[in-house]
Amino acid sequence: MGNGGKGTIFRRKDDRYLLYLPVRIVDDTMFPLKCNGSMPVRVHFNHKDGKLIVEKWIEKTPKNQT
């Protein structure tokens, strides 16, 4: 397949933004996030490099809980 493609960020009528990722990219076996429909992600950016970073959301548990 390949590890790149054209995605789109667009604004919905409810003032939320959606990030569209091409199916061929997400369904690729090498894609780092395994998604079955939807999943929470952490999104941040590096202003200096102009890069948007999307990572799997990992819930942090308080230290006093197991």
# chains A, B, ... in the order shown; residues from 1 in each chain; ligands from 1
$ residues_around --residues "Asn3 (chain A)" --least-positions-apart "5" --cutoff "9 Å" --atoms "only C-alpha atoms" --output "PDB file with N, CA and C atoms, in the first residue's frame"
ATOM      1  N   ILE A  25      -5.132   3.910   3.946  1.00  0.00           N
ATOM      2  CA  ILE A  25      -4.032   4.155   4.884  1.00  0.00           C
ATOM      3  C   ILE A  25      -4.326   3.470   6.225  1.00  0.00           C
ATOM      4  N   ASP A  28      -4.212  -0.335   6.205  1.00  0.00           N
ATOM      5  CA  ASP A  28      -2.908  -0.927   5.912  1.00  0.00           C
ATOM      6  C   ASP A  28      -2.392  -1.650   7.151  1.00  0.00           C
ATOM      7  N   MET A  30       0.460  -1.973   8.260  1.00  0.00           N
ATOM      8  CA  MET A  30       1.549  -1.258   8.926  1.00  0.00           C
ATOM      9  C   MET A  30       1.076  -0.005   9.656  1.00  0.00           C
ATOM     10  N   PHE A  31      -0.212   0.360   9.512  1.00  0.00           N
ATOM     11  CA  PHE A  31      -0.738   1.546  10.188  1.00  0.00           C
ATOM     12  C   PHE A  31      -0.619   1.337  11.692  1.00  0.00           C
TER      13      PHE A  31
END
$ residues_around --residues "Leu18 (chain A)" --least-positions-apart "3" --cutoff "7 Å" --atoms "only C-alpha atoms" --output "CSV table (one decimal) with N, CA and C atoms, in the first residue's frame"
chain,number,residue,atom,x,y,z
A,9,ILE,N,-9.1,18.0,6.7
A,9,ILE,CA,-9.6,18.6,8.0
A,9,ILE,C,-10.8,19.5,7.6
A,10,PHE,N,-11.9,19.2,8.1
A,10,PHE,CA,-13.1,20.1,7.8
A,10,PHE,C,-13.9,20.4,9.0
A,11,ARG,N,-14.6,21.6,8.9
A,11,ARG,CA,-15.4,22.1,10.0
A,11,ARG,C,-16.8,21.7,9.7
$ closest_residue --among "A:Val41, A:Asp27, A:Leu33, A:Leu19" --to "Trp57 (chain A)" --atoms "only C-alpha atoms"
A:Val41
$ residues_around --residues "Met39 (chain A)" --least-positions-apart "3" --cutoff "12 Å" --atoms "only C-alpha atoms" --output "count of residues only"
10
$ select_by_dssp --residues "chain A" --states "strand (DSSP E)" --output "list in words"
Thr8, Ile9, Phe10, Arg11, Tyr17, Leu18, Leu19, Tyr20, Val41, Arg42, Val43, His44, Phe45, Asn46, Lys51, Leu52, Ile53, Val54, Glu55 and Lys56 of chain A
$ select_by_dssp --residues "chain A" --states "alpha helix (DSSP H)" --output "PDB file with N, CA and C atoms, in the first residue's frame"
ATOM      1  N   VAL A  23      -9.177   5.422   3.874  1.00  0.00           N
ATOM      2  CA  VAL A  23      -9.358   4.035   4.313  1.00  0.00           C
ATOM      3  C   VAL A  23      -8.137   3.186   3.967  1.00  0.00           C
ATOM      4  N   ARG A  24      -7.568   3.399   2.804  1.00  0.00           N
ATOM      5  CA  ARG A  24      -6.429   2.558   2.392  1.00  0.00           C
ATOM      6  C   ARG A  24      -5.218   2.754   3.309  1.00  0.00           C
ATOM      7  N   ILE A  25      -5.132   3.910   3.946  1.00  0.00           N
ATOM      8  CA  ILE A  25      -4.032   4.155   4.884  1.00  0.00           C
ATOM      9  C   ILE A  25      -4.326   3.470   6.225  1.00  0.00           C
ATOM     10  N   VAL A  26      -5.519   3.702   6.762  1.00  0.00           N
ATOM     11  CA  VAL A  26      -5.876   3.158   8.076  1.00  0.00           C
ATOM     12  C   VAL A  26      -5.973   1.637   8.040  1.00  0.00           C
TER      13      VAL A  26
END
